[in-house]
Amino acid sequence: MDYNKLAELMFPTITKTVEDYERIYPKRNLKEGAQVTRFAPSPTGFLHIGGLFASLISERIAHQTDGVFILRIEDTDKKREVENGVERILEGLKNFEIKIDEGFTDFDTCVGEYGPYKQRERAEIYQAFAKKMVSEGLAYPCFCTEEELTEIRNIQEEKKILPGYHGEFAKCRNLSLEQIEENIKKGLPYVVRMKSPGNPEKRISFKDAIRGNIEMPENIVDVVILKSDGIPTYHFAHVVDDYLMGTTVVIRGDEWISSAPIHLQMFYLLKLKAPKYAHIAPIMKEDEGGKRKISKRKDPEAAVTYYSEEGYPVEGVIEYLLNLANYTFEDFRRNNKTAHWSEFKLEMNKMSNSGGLFDLVKLNDVCKNKIASYTAEQVYDLAIAWAKEYDSELYSLLTRDKDFSVAMFNFDRNPDKPRKDIGKFNEVRNSFSFMFDELFDGKYEEIPNVDKAKQKEIIEIYKEIYDENADKDTWFATLKEVAVKVGFAAEVKEYKANPDAFGGHVGDVSTVIRVAVTGRTRTPDLWGILKTLGKNKSSDRMEKYIKELN
RNA sequence: GGCUCCAUCGUCUAAUGGUUAGGACAUCGCCCUCUCAAGGCGGUAAUAGGGGUUCGAAUCCCCUUGGAGUCACCA
């Protein structure tokens with residue numbers, strides 16, 4: 001058969017050749033060892049936590065080596081595309097501080113010399129590559145209908161042989177030029193299939209950067225490379241794009257492992273050097289005792305927006321993910337308390353090759369430590385940034401008096417062992433509700449050890465001698481003074497040694513005041529709370545509580 | 001079902017033929033302490049099962065079991 005004629009028949013409007021494109025997109029001039037990576041999502045919904053994980057790894061590998069990180073949009077499937085799909089992905093990456101060098105770097109910006117970076121806009125490029133394959137007899141048109149394909153599959157299932165368009169089932173392989181010409185003239189829709197040279201007896205192997213050597217049977221299926229609308233399938237788009245864009249490592253989910261033989265075969269047929277592959281394990285979720293891949297539909301925490309909404313600090317989420325990627329991150333963090341996460345060197349060969357459970361409890365711990373490492377001012381900034389978006393009432397309360405809010409976030413925030421009780425910013429409202437009259441609900445927790453009359457006595461004495469300018473030690477001394485006046489022990493030890501001699505101890509005194517002012521038996525540093533609320537408000541609260549006691 | 005990958009404390013994982021199988025989170029106990037939160041010290045807790053190879057196996061091989069992924073004109 002005259003394949004050149006066939007190619008012209010199928011692609012009469014395609015005039016540029018593969019060589020032309022190779023000139024348009026020359027090899028990148030990068031320093032030795034620089035890696036080019038890419039994140040290539042399809043705009044089918046929100047950014048998935050697994051997608052963030054993959055893009056974080058890709059971004060690290062590129063930037064650790066002074067390489068390039070590309071964001072390419074795989075929009076070859078019109079049916080699954082959702083509105084604002086691209087924006088939602090971009091927003092997710094932006095929120096988590098993933099820096100993109102090329103492709104879509106922002107909502108309205110697309111930069112780089114290797115574009116377009118949206119696959120549908122690259123249709124002619126793929127067609128040129130397909131044309132080349134047809135002209136070399138490596139691809140052919142297939143006119144089989146859906147019904148015919150289903151029938152083939154049924155027969156294959158019945159006979160228990162490998163399903164797919166291959167061997168004797170690939171009937172369009174044998175169409176004559178005349179038949180094809182006639183079909184095209186009739187306007188019959190067709191797809192373009194790769195003519196697989198695969199041998200079912202043979203196996204191929206490749207080295208995966210994460211998993212090591214993988215061996216699989218050769219691909220024998222004549223997979224579709226161009227759909228009937230002229231748009232490529234993922235397989236073909238991947239091969240063409242990653243070749244022309246100069247990708248050196250393809251980092252993707254391990255659901256792609258089983259199609260790697262197809263991709264390797266395409267590179268082989270096109271006589272192109274295949275990139276390295278790194279298949280990462282999916283993030284899993286515990287489900288009724290078992291494990292399953294975290295699901296977009298079932299799990300709210302699958303969407304990165306979940307972490308933003310809950311107010312997890314960005315750095316906490318990123319560091320947790322880094323932790324999941326390389327166990328050595330924990331050591332890095334221990335030894336470099338203040339270093340930014342980007343100083344950590346991610347190593348591909350230290351990545352786990354089985355899917356790990358996403359552990360929200362551990363994430364919370366990482367985030368608590370992260371927030372504890374910030375200054376009160378930083379916490380304030382992050383808290384109001386979160387509240388502005390998700391809790392407008394809290395936002396106005398926090399910003400009403402910045403000094404007040406910062407002082408509040410500064411409770412127990414000493415550098416040596418900072419308080420660690422907030423893991424995410426949606427906890428701020430509840431943790432500090434007693435600091436704002438608007439949030440203070442006037443409910444009081446029970447004080448088990450001190451009866452009401454005694455409570456009243458304690459508060460009345462304390463109110464009179466409280467000095468809001470006293471330093472912490474002096475303040476605590478006055479508490480002891482009160483304890484003695486009401487017949488309580490000034491030292492807890494003293495009380496424990498001889499409980500019958502006292503009505504209680506200094507701790508009970510502080511609890512009474514604590515409850516009177518905050519409604520709670522457990523709070524951060526009471527001295528700080530009183531000082532920050534100010535004498536007037538503290539006194540009001542105490543009076544209110546006395547009324548409550550009557 | 002075929003193909004592929006995977007299997008160490010509850011969870012994430014370390015230990016590349018010789019370790020009392022280590023760490024982190026969670027959990028429990030004690031200490032510190034004006035309540036919490038922290039912090040300190042300690043505890044419980046794992047090599048899926050069965051066969052080999054070897055002086056010696058979590059580690060290498062085989063089988064079983066279990067889990068995951070994939071088999072589209074979806075990515």
# chains A, B, ... in the order shown; residues from 1 in each chain; ligands from 1

$ interface_residues --of "chain B" --to "chain A" --cutoff "9 Å" --atoms "only C-alpha atoms (C1' of nucleotides)" --output "list in words"
G1, G2, C3, U4, C5, C6, A7, U11, C12, U13, A14, A24, C25, A26, C34, U35, C36, A37, A38, G39, G67, A68, G69, U70, C71, C73, C74 and A75 of chain B

$ residues_around --residues "G29 in chain B" --least-positions-apart "5" --cutoff "12 Å" --atoms "only C-alpha atoms (C1' of nucleotides)" --output "compact mmCIF listing (two decimals) with N, CA and C atoms (P, O5', C5', C4', C3', O3' and C1' of nucleotides), in the first residue's frame"
# COMPACT_ATOMS: atom_id res chain seq x y z
P C B 41 13.34 12.77 77.62
O5' C B 41 12.93 11.66 78.68
C5' C B 41 13.72 11.46 79.85
C4' C B 41 13.00 10.54 80.80
C3' C B 41 12.54 9.23 80.19
O3' C B 41 13.58 8.27 80.10
C1' C B 41 10.79 10.14 81.47
P G B 42 13.57 7.22 78.89
O5' G B 42 12.29 6.34 79.23
C5' G B 42 12.41 5.24 80.13
C4' G B 42 11.07 4.78 80.57
C3' G B 42 10.31 3.88 79.61
O3' G B 42 10.81 2.57 79.57
C1' G B 42 8.83 5.43 80.61
P G B 43 10.54 1.68 78.24
O5' G B 43 9.00 1.28 78.39
C5' G B 43 8.59 0.54 79.54
C4' G B 43 7.10 0.36 79.49
C3' G B 43 6.56 -0.33 78.25
O3' G B 43 6.74 -1.72 78.31
C1' G B 43 5.18 1.51 78.81
P U B 44 6.81 -2.57 76.98
O5' U B 44 5.30 -2.56 76.49
C5' U B 44 4.29 -3.17 77.27
C4' U B 44 2.96 -3.01 76.58
C3' U B 44 2.94 -3.45 75.12
O3' U B 44 2.78 -4.86 75.03
C1' U B 44 1.86 -1.36 75.33

$ residues_around --residues "Tyr306 in chain A" --least-positions-apart "5" --cutoff "12 Å" --atoms "only C-alpha atoms (C1' of nucleotides)" --output "MDAnalysis selection string"
chainID A and resid 46:49 92 95 296 299:301 311:314 317 360 390 424 426

$ write_last_selection --atoms "N, CA, C and O atoms" --output "short mmCIF file (atom, residue, chain, number, x, y, z; two decimals), in the first residue's frame"
data_model
loop_
_atom_site.label_atom_id
_atom_site.label_comp_id
_atom_site.auth_asym_id
_atom_site.auth_seq_id
_atom_site.Cartn_x
_atom_site.Cartn_y
_atom_site.Cartn_z
N PHE A 46 -12.35 19.84 41.14
CA PHE A 46 -11.41 20.48 42.05
C PHE A 46 -10.04 19.80 42.02
O PHE A 46 -9.90 18.68 41.52
N LEU A 47 -9.05 20.47 42.54
CA LEU A 47 -7.72 19.88 42.66
C LEU A 47 -7.76 18.86 43.80
O LEU A 47 -8.18 19.16 44.91
N HIS A 48 -7.33 17.68 43.49
CA HIS A 48 -7.35 16.55 44.41
C HIS A 48 -6.09 16.59 45.27
O HIS A 48 -5.05 17.05 44.82
N ILE A 49 -6.18 16.08 46.50
CA ILE A 49 -5.01 16.10 47.38
C ILE A 49 -3.88 15.28 46.75
O ILE A 49 -2.69 15.62 46.88
N GLY A 92 -6.04 26.12 43.48
CA GLY A 92 -5.54 25.16 44.46
C GLY A 92 -4.02 25.21 44.55
O GLY A 92 -3.45 25.27 45.64
N ASN A 95 -2.88 28.48 46.17
CA ASN A 95 -3.10 28.51 47.61
C ASN A 95 -2.04 27.74 48.37
O ASN A 95 -1.73 28.04 49.51
N LYS A 296 -12.77 11.29 45.18
CA LYS A 296 -13.30 12.63 44.96
C LYS A 296 -14.74 12.73 45.42
O LYS A 296 -15.15 13.74 45.96
N ASP A 299 -15.10 11.50 49.75
CA ASP A 299 -14.31 12.06 50.84
C ASP A 299 -14.11 13.56 50.71
O ASP A 299 -13.45 14.00 49.78
N PRO A 300 -14.66 14.31 51.65
CA PRO A 300 -14.46 15.76 51.56
C PRO A 300 -12.99 16.14 51.60
O PRO A 300 -12.57 17.10 50.97
N GLU A 301 -12.19 15.37 52.33
CA GLU A 301 -10.77 15.71 52.46
C GLU A 301 -9.96 15.38 51.21
O GLU A 301 -8.76 15.59 51.18
N GLY A 311 -8.92 25.70 57.49
CA GLY A 311 -7.92 26.61 58.02
C GLY A 311 -6.62 25.92 58.41
O GLY A 311 -5.91 26.39 59.31
N TYR A 312 -6.32 24.82 57.77
CA TYR A 312 -5.00 24.22 58.02
C TYR A 312 -3.95 25.17 57.47
O TYR A 312 -4.11 25.69 56.36
N PRO A 313 -2.88 25.41 58.20
CA PRO A 313 -1.86 26.29 57.65
C PRO A 313 -1.22 25.64 56.42
O PRO A 313 -0.94 24.45 56.44
N VAL A 314 -1.02 26.44 55.40
CA VAL A 314 -0.48 25.94 54.14
C VAL A 314 0.82 25.17 54.35
O VAL A 314 1.00 24.06 53.86
N VAL A 317 0.30 21.66 55.75
CA VAL A 317 -0.17 20.67 54.78
C VAL A 317 0.99 20.23 53.89
O VAL A 317 1.21 19.05 53.65
N LEU A 360 -5.23 12.27 59.03
CA LEU A 360 -5.62 13.61 59.45
C LEU A 360 -5.12 13.93 60.85
O LEU A 360 -4.86 15.08 61.18
N TYR A 390 -13.67 32.84 55.51
CA TYR A 390 -14.57 31.79 55.98
C TYR A 390 -15.36 32.12 57.25
O TYR A 390 -16.22 31.33 57.63
N LYS A 424 -5.56 24.25 63.33
CA LYS A 424 -6.16 24.88 62.15
C LYS A 424 -6.98 26.08 62.60
O LYS A 424 -7.47 26.13 63.73
N ASN A 426 -9.86 27.28 62.03
CA ASN A 426 -11.26 27.27 62.43
C ASN A 426 -11.42 26.91 63.91
O ASN A 426 -12.52 26.90 64.44
#

$ select_by_dssp --residues "range 294-472 of chain A" --states "helix (DSSP H, G or I)" --output "PyMOL selection string"
chain A and resi 300-302+304-310+314-325+329-335+341-343+348-350+360-372+376-390+392-400+402-409+425-431+433-435+452-465+472

$ atom_distance --atom1 "CA of Phe53 in chain A" --atom2 "CA of Val249 in chain A"
15.8 Å

$ residues_around --residues "Tyr114 in chain A" --least-positions-apart "2" --cutoff "7 Å" --atoms "only C-alpha atoms (C1' of nucleotides)" --output "ChimeraX atom specification"
/A:25,112,116,245

$ write_last_selection --atoms "all heavy atoms" --output "compact mmCIF listing (two decimals), in the first residue's frame"
# COMPACT_ATOMS: atom_id res chain seq x y z
N TYR A 25 10.25 23.78 18.38
CA TYR A 25 10.48 23.51 19.80
C TYR A 25 11.83 22.85 20.00
O TYR A 25 11.92 21.64 20.17
CB TYR A 25 9.38 22.59 20.36
CG TYR A 25 7.98 23.11 20.12
CD1 TYR A 25 7.12 22.45 19.25
CD2 TYR A 25 7.53 24.26 20.76
CE1 TYR A 25 5.82 22.91 19.04
CE2 TYR A 25 6.23 24.73 20.54
CZ TYR A 25 5.38 24.06 19.68
OH TYR A 25 4.12 24.52 19.47
N GLY A 112 5.90 30.66 28.25
CA GLY A 112 6.75 29.56 27.81
C GLY A 112 6.82 29.44 26.31
O GLY A 112 5.93 29.86 25.58
N PRO A 116 1.26 25.74 22.52
CA PRO A 116 0.26 25.97 23.57
C PRO A 116 0.34 24.90 24.67
O PRO A 116 0.83 23.81 24.42
CB PRO A 116 -1.08 25.87 22.83
CG PRO A 116 -0.76 25.86 21.38
CD PRO A 116 0.64 25.45 21.21
N MET A 245 8.06 19.10 24.69
CA MET A 245 8.30 20.02 25.81
C MET A 245 9.59 19.68 26.55
O MET A 245 9.98 20.40 27.46
CB MET A 245 7.12 20.00 26.77
CG MET A 245 5.87 20.61 26.15
SD MET A 245 4.47 20.64 27.30
CE MET A 245 3.18 21.29 26.23

$ residues_around --residues "G18 in chain B" --least-positions-apart "3" --cutoff "12 Å" --atoms "only C-alpha atoms (C1' of nucleotides)" --output "list in words"
C55, G56, A57 and U59 of chain B

$ select_by_dssp --residues "range 12-119 of chain A" --states "strand (DSSP E)" --output "JSON, numbers by chain"
{"A": [36, 37, 38, 39, 68, 69, 70, 71, 102, 103, 104, 105, 106, 109, 110, 111]}

$ atom_distance --atom1 "CA of Ser373 in chain A" --atom2 "CA of Asp66 in chain A"
29.3 Å

$ closest_residue --among "A:Ile546, A:Asp241, A:Lys171, A:Ser392" --to "Ala123 in chain A" --atoms "only C-alpha atoms"
A:Asp241

$ atom_distance --atom1 "CA of Ala387 in chain A" --atom2 "CA of Lys94 in chain A"
18.5 Å

$ residues_around --residues "A46 in chain B" --least-positions-apart "2" --cutoff "10 Å" --atoms "only C-alpha atoms (C1' of nucleotides)" --output "list in words"
U8, C9 and A21 of chain B

$ residues_around --residues "range 456-459 of chain A" --least-positions-apart "2" --cutoff "8 Å" --atoms "only C-alpha atoms (C1' of nucleotides)" --output "PyMOL selection string"
chain A and resi 452-454+461-463+482-483+486+509+512-513+542+546+549
